[in-house]
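Asks: Sharing a structure here in structure tokens format.
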Amino acid sequence: NFLLVDADEYTFNYMEKHANEFPVADIGAILKKLGERTEPRSREIRQVFAATDPEHTKVIDYDRFRNLIVSMTDGAFSEHEIMTIGRHYRVRDEYEIDLHFLLALAQEQLKKNNFDDFGRLSAVFVYKDREKCGALPRQT
């Protein structure tokens with residue numbers, strides 16, 4: 001056994017999409033557990049969150065959020081479970097778009113130009129991504 005202390009975005013996304021294999025990334029199970037733990041104190045918890053957000057932005061930074069979850073649940077959640085909740089409710093940047101939508105759009109444009117060898121195109125992208133970061137410079 002070993003303790004995973006950090007991971008990249010791809011790994012977190014993988015675990016969240018395969019939550020049946022990674023229960024600490026299963027947002028449904030975690031929210032159910034959170035509800036069971038906090039239901040008797042829901043009014044108090046809302047007040048604590050409201051006090052943490054005096055300008056009513058409905059946004060709280062991760063460290064404060066984490067500390068509130070730990071204190072409200074008496075440490076019943078692992079760091080990964082807390083991170084999963086935070087990731088689920090995070091404020092998404094405007095430039096984040098659905099990857100499937102982007103892929104479909106790119107394929108549609110390529111098909112309009114009579115290109116249909118997507119397997120080969122994918123292999124070239126993987127080959128060109130020498131740093132294995134999942135992105136290529138625009139000029140490439």
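We name chains A, B, ... following the order of the structure tokens; residues begin at 1 in each chain, and ligands are numbered from 1 as shown.
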Can you list, as a VMD selection string, every protein, DNA or RNA residue that comes within 9 Å of A:Ile45 when you count only C-alpha atoms, leaving out same-chain residues fewer than 4 positions away?
Replies: chain A and resid 38 41 49 to 50 68 72
Asks: Quick one: DSSP alpha helix (DSSP H) residues in chain A, as a ChimeraX atom specification?
Replies: /A:9-17,27-38,42-52,62-72,79-89,99-112,118-128
Asks: Please report the interatomic distance between atom CA of A:Ala25 and atom CA of A:Ile85 in Å with one decimal.
Replies: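 Pair atom CA of A:Ala25 / atom CA of A:Ile85 returns 8.7 Å.
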Asks: What is the atom CA of A:Ser42-atom CA of A:Asn20 distance in Å, reported with one decimal?
Replies: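 So the answer is 28.4 Å.
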Asks: Which residue, A:Leu3, A:Val126, A:Val24, A:Ile60, has the smallest gap to A:Ser78 when you use only C-alpha atoms?
Replies: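 Closest residue, counting only C-alpha atoms: A:Val24.
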